[in-house]
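Trainee: File model.txt follows (compact mmCIF, C-alpha atoms and all ligand atoms):
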```txt
# COMPACT_ATOMS: atom_id res chain seq x y z
CA MET A 595 108.98 141.45 106.34
CA GLY A 596 110.43 138.80 108.70
CA ARG A 597 109.21 135.30 109.37
CA VAL A 598 105.43 134.85 109.54
CA ALA A 599 103.12 132.06 110.66
CA TYR A 600 99.49 131.31 109.88
CA VAL A 601 97.32 130.90 112.99
CA ASN A 602 93.58 130.31 112.76
CA GLY A 603 92.83 132.49 109.77
CA ARG A 604 95.53 135.14 110.14
CA PHE A 605 99.12 135.65 109.15
CA VAL A 606 101.05 136.96 112.16
CA ARG A 607 104.66 137.69 112.99
CA HIS A 608 106.30 134.37 113.85
CA ALA A 609 107.53 135.82 117.14
CA ASP A 610 103.94 136.69 118.13
CA ALA A 611 102.26 133.52 116.87
CA ALA A 612 100.38 131.70 119.67
CA VAL A 613 97.46 129.41 120.35
CA HIS A 614 95.06 129.56 123.28
CA ILE A 615 96.13 127.79 126.48
CA GLU A 616 93.04 125.60 126.23
CA ASP A 617 93.85 124.50 122.71
CA ARG A 618 93.57 120.71 122.85
CA GLY A 619 96.75 120.33 120.84
CA PHE A 620 98.65 122.13 123.58
CA GLN A 621 96.94 120.40 126.52
CA LEU A 622 96.24 116.90 125.24
CA ALA A 623 98.26 116.41 122.02
CA ASP A 624 94.81 116.09 120.41
CA GLY A 625 95.87 116.97 116.90
CA VAL A 626 97.69 115.90 113.78
CA TYR A 627 100.32 117.37 111.50
CA GLU A 628 101.94 117.11 108.10
CA VAL A 629 105.28 118.26 106.75
CA TRP A 630 106.02 118.84 103.08
CA ALA A 631 109.49 119.18 101.62
CA VAL A 632 109.65 122.29 99.43
CA PHE A 633 111.67 122.60 96.25
CA GLY A 634 111.71 125.81 94.24
CA GLY A 635 108.89 127.22 96.39
CA ARG A 636 106.62 124.27 95.59
CA MET A 637 105.39 121.41 97.76
CA ALA A 638 106.75 117.92 97.14
CA ASP A 639 104.48 114.87 97.19
CA ALA A 640 101.50 117.15 97.87
CA PRO A 641 98.67 114.66 97.15
CA GLY A 642 100.19 111.94 99.36
CA HIS A 643 100.52 114.30 102.32
CA PHE A 644 96.97 115.63 101.88
CA ALA A 645 95.62 112.07 101.64
CA ARG A 646 97.40 111.12 104.87
CA LEU A 647 96.21 114.32 106.57
CA LYS A 648 92.60 113.46 105.74
CA ARG A 649 93.09 109.91 106.96
CA SER A 650 94.73 111.01 110.24
CA LEU A 651 91.94 113.54 110.86
CA GLY A 652 89.28 110.96 109.97
CA GLU A 653 90.75 108.40 112.40
CA LEU A 654 90.52 111.01 115.18
CA ARG A 655 87.12 112.33 114.04
CA ILE A 656 88.45 115.85 113.59
CA PRO A 657 86.86 117.56 110.55
CA MET A 658 89.02 118.99 107.75
CA PRO A 659 89.32 122.65 108.76
CA MET A 660 88.90 123.74 105.14
CA THR A 661 89.02 122.05 101.75
CA GLU A 662 92.24 120.60 100.42
CA ALA A 663 92.28 123.34 97.76
CA ALA A 664 91.95 126.05 100.42
CA LEU A 665 94.63 124.47 102.62
CA SER A 666 96.90 124.27 99.63
CA ILE A 667 96.42 127.98 98.87
CA VAL A 668 97.19 128.97 102.46
CA LEU A 669 100.23 126.68 102.63
CA ARG A 670 101.59 128.23 99.44
CA GLU A 671 100.87 131.69 100.75
CA THR A 672 102.83 130.77 103.90
CA LEU A 673 105.75 129.78 101.66
CA ARG A 674 105.45 132.97 99.62
CA ARG A 675 105.30 135.28 102.64
CA ASN A 676 108.35 133.59 104.12
CA ARG A 677 110.18 133.69 100.77
CA ILE A 678 110.97 129.98 100.93
CA VAL A 679 112.72 128.51 97.91
CA ASP A 680 113.95 125.21 99.31
CA GLY A 681 112.71 124.16 102.72
CA MET A 682 109.76 122.71 104.54
CA VAL A 683 106.21 123.71 105.31
CA TYR A 684 104.43 122.49 108.45
CA LEU A 685 100.69 122.19 109.07
CA GLN A 686 99.07 121.31 112.38
CA VAL A 687 95.36 120.77 112.92
CA ASN A 688 94.08 120.36 116.48
CA ARG A 689 90.59 119.48 117.66
CA GLY A 690 90.11 123.05 118.85
CA VAL A 691 89.84 125.18 121.97
CA ALA A 692 87.55 124.03 124.79
CA PRO A 693 87.52 123.82 128.61
CA ARG A 694 89.90 121.02 129.54
CA ASP A 695 88.17 117.64 129.53
CA HIS A 696 89.53 114.44 128.03
CA ALA A 697 86.42 113.54 125.99
CA PHE A 698 85.62 115.48 122.81
CA PRO A 699 83.97 118.88 123.40
CA THR A 700 80.21 119.00 122.93
CA PRO A 701 79.08 120.77 120.93
CA ALA A 702 82.14 120.37 118.71
CA VAL A 703 84.43 123.39 118.33
CA PRO A 704 86.19 124.51 115.15
CA PRO A 705 89.59 122.87 114.64
CA SER A 706 92.67 125.05 115.16
CA VAL A 707 95.06 125.44 112.25
CA VAL A 708 98.69 126.48 112.39
CA MET A 709 101.19 126.70 109.53
CA THR A 710 104.90 127.56 109.57
CA ALA A 711 107.64 127.38 106.98
CA LYS A 712 111.40 127.32 107.08
CA SER A 713 114.29 127.32 104.63
CA VAL A 714 116.66 124.38 104.29
CA ASP A 715 120.22 124.76 103.08
CA LEU A 716 120.24 122.19 100.27
CA ALA A 717 124.02 122.29 99.96
CA ALA A 718 124.35 121.39 103.66
CA SER A 719 121.75 118.65 103.23
CA GLU A 720 123.73 117.22 100.29
CA ALA A 721 126.97 117.40 102.28
CA ARG A 722 125.35 115.46 105.10
CA ALA A 723 124.02 112.83 102.69
CA ALA A 724 127.45 112.51 101.09
CA LYS A 725 128.97 111.64 104.48
CA GLY A 726 126.07 109.56 105.77
CA VAL A 727 124.70 109.61 109.29
CA GLY A 728 124.58 107.42 112.37
CA VAL A 729 121.49 105.95 114.01
CA VAL A 730 121.02 104.50 117.48
CA THR A 731 118.52 101.81 118.39
CA VAL A 732 115.93 102.28 121.13
CA ALA A 733 113.15 100.05 122.46
CA GLU A 734 109.78 100.58 120.75
CA ASN A 735 107.58 102.22 123.37
CA ARG A 736 104.95 104.04 121.33
CA TRP A 737 101.19 103.53 121.28
CA GLY A 738 99.42 101.18 118.87
CA ARG A 739 98.33 103.82 116.34
CA CYS A 740 101.58 105.08 114.85
CA ASP A 741 99.78 105.09 111.48
CA ILE A 742 98.10 108.32 112.62
CA LYS A 743 100.42 111.33 112.32
CA THR A 744 99.57 112.83 115.70
CA VAL A 745 101.43 115.54 117.57
CA GLY A 746 101.76 113.12 120.52
CA LEU A 747 105.48 112.66 119.90
CA LEU A 748 107.04 112.28 123.34
CA PRO A 749 108.61 108.83 122.69
CA ASN A 750 109.97 110.21 119.39
CA VAL A 751 111.34 113.28 121.19
CA LEU A 752 113.15 111.13 123.76
CA ALA A 753 114.46 108.76 121.08
CA LYS A 754 115.79 111.66 119.03
CA GLN A 755 117.48 113.14 122.07
CA THR A 756 119.14 109.78 122.77
CA ALA A 757 120.40 109.86 119.18
CA ARG A 758 121.70 113.40 119.50
CA GLU A 759 123.53 112.67 122.75
CA ALA A 760 125.20 109.70 121.02
CA GLY A 761 126.30 111.89 118.10
CA ALA A 762 123.74 110.24 115.79
CA VAL A 763 121.05 111.82 113.67
CA GLU A 764 118.19 109.36 114.00
CA ALA A 765 116.91 106.70 116.40
CA TRP A 766 115.44 103.43 115.16
CA PHE A 767 112.68 101.90 117.26
CA VAL A 768 113.10 98.15 117.75
CA ASP A 769 110.16 95.93 118.73
CA ASP A 770 110.06 92.95 121.12
CA LEU A 771 111.14 90.58 118.32
CA GLY A 772 114.27 92.61 117.62
CA LEU A 773 112.78 94.00 114.39
CA VAL A 774 113.28 97.63 113.42
CA THR A 775 109.92 99.39 113.16
CA GLU A 776 110.93 102.85 111.90
CA GLY A 777 112.87 105.97 112.82
CA ALA A 778 111.72 108.69 115.22
CA SER A 779 110.91 110.87 112.18
CA SER A 780 111.66 108.64 109.18
CA ASN A 781 111.17 105.19 107.70
CA ALA A 782 114.04 102.69 107.86
CA TRP A 783 115.49 100.74 104.92
CA ILE A 784 118.38 98.40 104.17
CA VAL A 785 120.00 96.81 101.17
CA ASP A 786 120.46 93.31 102.58
CA ARG A 787 123.36 90.93 102.02
CA GLU A 788 121.64 89.53 98.95
CA GLY A 789 121.32 93.03 97.52
CA ARG A 790 117.56 93.29 98.09
CA LEU A 791 116.04 96.55 99.21
CA ARG A 792 113.95 96.04 102.32
CA THR A 793 111.65 98.17 104.43
CA ARG A 794 108.95 97.23 106.88
CA ASP A 795 105.40 96.75 105.58
CA THR A 796 102.75 99.28 106.53
CA GLN A 797 100.49 96.68 108.14
CA ALA A 798 102.90 97.04 111.06
CA ASN A 799 102.48 99.84 113.59
CA ILE A 800 104.41 102.49 111.68
CA LEU A 801 103.68 105.72 109.85
CA ARG A 802 102.89 105.25 106.18
CA GLY A 803 105.64 107.49 104.93
CA VAL A 804 104.79 109.51 101.84
CA THR A 805 108.46 109.64 100.82
CA ARG A 806 108.57 105.87 101.27
CA ALA A 807 105.54 105.42 99.00
CA THR A 808 106.97 107.65 96.25
CA LEU A 809 110.30 105.85 96.47
CA LEU A 810 108.58 102.46 96.17
CA GLY A 811 107.12 103.63 92.85
CA LEU A 812 110.56 104.75 91.65
CA ILE A 813 112.17 101.49 92.77
CA ALA A 814 109.59 99.52 90.77
CA GLU A 815 110.66 101.48 87.66
CA THR A 816 114.37 100.79 88.25
CA GLY A 817 113.87 97.03 88.47
CA LEU A 818 115.92 96.84 91.71
CA ALA A 819 115.04 93.80 93.84
CA PHE A 820 112.72 94.84 96.63
CA GLU A 821 110.79 93.27 99.50
CA GLU A 822 108.40 94.82 102.03
CA ARG A 823 109.72 92.76 104.92
CA PRO A 824 111.00 93.75 108.37
CA PHE A 825 114.63 93.34 109.34
CA THR A 826 116.42 92.80 112.64
CA VAL A 827 119.05 95.14 114.01
CA GLU A 828 121.59 92.38 113.37
CA GLU A 829 120.52 92.13 109.71
CA ALA A 830 120.80 95.89 109.39
CA ARG A 831 124.32 95.81 110.86
CA GLN A 832 125.33 93.13 108.40
CA SER A 833 123.63 94.72 105.43
CA ARG A 834 125.37 96.30 102.44
CA GLU A 835 123.64 99.64 102.94
CA ALA A 836 121.07 101.34 105.11
CA PHE A 837 119.15 104.58 104.75
CA ILE A 838 116.17 106.53 106.00
CA THR A 839 113.40 108.37 104.18
CA GLY A 840 111.14 111.26 105.14
CA ALA A 841 110.08 114.75 104.14
CA GLY A 842 112.97 116.10 106.24
CA SER A 843 115.67 113.55 105.47
CA LEU A 844 114.56 112.85 101.86
CA VAL A 845 116.73 109.76 101.26
CA LEU A 846 119.62 109.81 103.72
CA PRO A 847 122.36 107.14 103.88
CA VAL A 848 122.96 105.53 107.28
CA VAL A 849 126.59 104.52 107.80
CA ARG A 850 126.57 103.61 111.52
CA ILE A 851 124.17 101.72 113.73
CA ASP A 852 124.95 102.04 117.45
CA SER A 853 128.52 102.97 116.52
CA ALA A 854 129.12 99.83 114.36
CA PRO A 855 129.67 100.58 110.65
CA VAL A 856 127.14 99.48 108.04
CA GLY A 857 128.84 97.88 105.04
CA ASP A 858 131.98 99.82 104.24
CA GLY A 859 130.95 102.61 106.62
CA VAL A 860 130.32 105.02 103.76
CA PRO A 861 127.15 105.78 101.76
CA GLY A 862 126.46 103.01 99.25
CA PRO A 863 125.57 103.26 95.56
CA VAL A 864 121.91 102.24 95.93
CA ALA A 865 121.10 104.86 98.58
CA LYS A 866 122.94 107.54 96.57
CA ARG A 867 121.07 106.65 93.41
CA LEU A 868 117.70 106.55 95.18
CA ARG A 869 118.36 109.95 96.75
CA GLU A 870 119.02 111.45 93.32
CA LEU A 871 115.98 109.72 91.82
CA TYR A 872 113.72 110.84 94.67
CA ILE A 873 114.85 114.47 94.63
CA SER A 874 114.47 114.80 90.88
CA GLU A 875 111.00 113.21 90.99
CA ALA A 876 109.97 115.40 93.96
CA ARG A 877 111.15 118.52 92.12
CA ARG A 878 109.41 117.45 88.91
CA THR A 879 106.04 116.80 90.57
CA ALA A 880 106.07 119.58 93.20
CA VAL A 881 103.08 121.93 93.10
N1 LIG B 901 107.95 107.83 110.43
C1 LIG B 901 107.77 108.79 111.36
C2 LIG B 901 107.58 108.41 112.79
C3 LIG B 901 107.77 110.14 110.97
O1 LIG B 901 107.56 111.11 111.88
C4 LIG B 901 107.98 110.47 109.61
C5 LIG B 901 108.00 111.87 109.15
O2 LIG B 901 107.99 112.79 109.90
C6 LIG B 901 108.18 109.43 108.69
C7 LIG B 901 108.15 108.12 109.13
C8 LIG B 901 108.39 109.73 107.22
O3 LIG B 901 107.18 110.13 106.66
P1 LIG B 901 107.14 111.08 105.37
O4 LIG B 901 107.97 110.40 104.33
O5 LIG B 901 105.71 111.11 105.00
O6 LIG B 901 107.69 112.39 105.78
```
Represent the structure from my file as structure tokens, please.
Ligand code: PLP

Mentor:
Amino acid sequence: MGRVAYVNGRFVRHADAAVHIEDRGFQLADGVYEVWAVFGGRMADAPGHFARLKRSLGELRIPMPMTEAALSIVLRETLRRNRIVDGMVYLQVNRGVAPRDHAFPTPAVPPSVVMTAKSVDLAASEARAAKGVGVVTVAENRWGRCDIKTVGLLPNVLAKQTAREAGAVEAWFVDDLGLVTEGASSNAWIVDREGRLRTRDTQANILRGVTRATLLGLIAETGLAFEERPFTVEEARQSREAFITGAGSLVLPVVRIDSAPVGDGVPGPVAKRLRELYISEARRTAV
């Protein structure tokens, strides 16, 4: 059996998987998503991602399409049917299918649910982390509710493309004050000149990264100095180390910002250690 996807109650061949043209996710980006890293066929940081899913849906007044337990069963079945050992599993929930109209459909329609899974080559991911990656900076131009994980990702798409065309892997959004908000699909961190770990606080208009939250817990155990405080691009350039976190990047050292090296221009000891710590914790607690 080849790749399969889950679409509204059925497993179908990935090549045939489709939603209706009047699905509000397709027409209006009226939906949310979650991505779990997968280790050994099991989902990393599962409770944190489910909690954020419920929050995102709640903020948009979209009902949970099924219970967390049921979603978890279907997600794991998606992994099983695709024979994923290490990889990622994706869930999207849209408001549903209705004649196109900006306001919510009345009466409400059932939410649409899509799940896909893919394998990740862990050796390639480790090789990339060992070399470190570049980021480019772009002006923050997103809406005011980046705490909701919506599928409305056009600014993120354009930022990522800017990164790719510059030979970088991620783009960092920078606000009007010159402060880095976050990456197009990751949270941004530095180890500043004083050796303190820093990442922006989640009162700001950023996504509350689940990887970020798990890492904060691990950092507290290590006793490393840490502050939830934003940093400027200049501070990041002058920092000892920089890195990004996310379900896709895990903990990934950043060695270049807009083509200027960070620190020695190679992955630093703190980022390397935190990557190891995060991956072993994610493996240990995966379900
Ligand atoms: N920030 C943005 C904009 C993201 O899209 C993501 C993940 O996709 C993250 C941060 C990292 O979040 P998480 O660690 O929950 O994957």

Trainee: Rank nothing, just name the residue among A:Val845, A:Ile656, A:Leu868, A:Ala760 nearest to Ala702 (chain A), using only C-alpha atoms.

Mentor: A:Ile656

Trainee: May I ask you to write as a ChimeraX atom specification all residues lying at most 7 Å from ligand LIG 901 (chain B), with all atoms listed in the file counted?

Mentor: /A:629,643,776-781,800-806,839-842

Trainee: Considering all atoms listed in the file, can you say which of A:Lys725, A:Arg823, A:Arg670, A:Arg787 comes closest to Pro861 (chain A)?

Mentor: A:Lys725

Trainee: Which one of A:Ala599, A:Leu665, A:Leu771, A:Val714 sits closest to Val679 (chain A) if you count only C-alpha atoms?

Mentor: A:Val714

Trainee: Quick one: of A:Arg850, A:Met709, A:Phe820, A:Asp617, who's nearest to Val730 (chain A), counting all atoms listed in the file?

Mentor: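 Result for the nearest residue to Val730 (chain A): A:Arg850.
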
Trainee: Can you check which parts of region 644-690 of chain A lie within 10 Å of region 733-751 of chain A? Per residue, the shortest pair of atoms and distance in Å to one decimal, counting all atoms listed in the file, sorted by chain and number, as a tab-separated table.

Mentor:
```
residue	atom	partner	partner_atom	distance
A:Arg646	CA	A:Lys743	CA	8.0
A:Leu647	CA	A:Lys743	CA	7.7
A:Arg649	CA	A:Ile742	CA	7.7
A:Ser650	CA	A:Ile742	CA	4.9
A:Leu651	CA	A:Ile742	CA	8.3
A:Gly652	CA	A:Ile742	CA	9.6
A:Glu653	CA	A:Ile742	CA	7.4
A:Leu654	CA	A:Ile742	CA	8.4
A:Gln686	CA	A:Val745	CA	8.1
A:Val687	CA	A:Val745	CA	9.3
A:Asn688	CA	A:Val745	CA	8.9
```
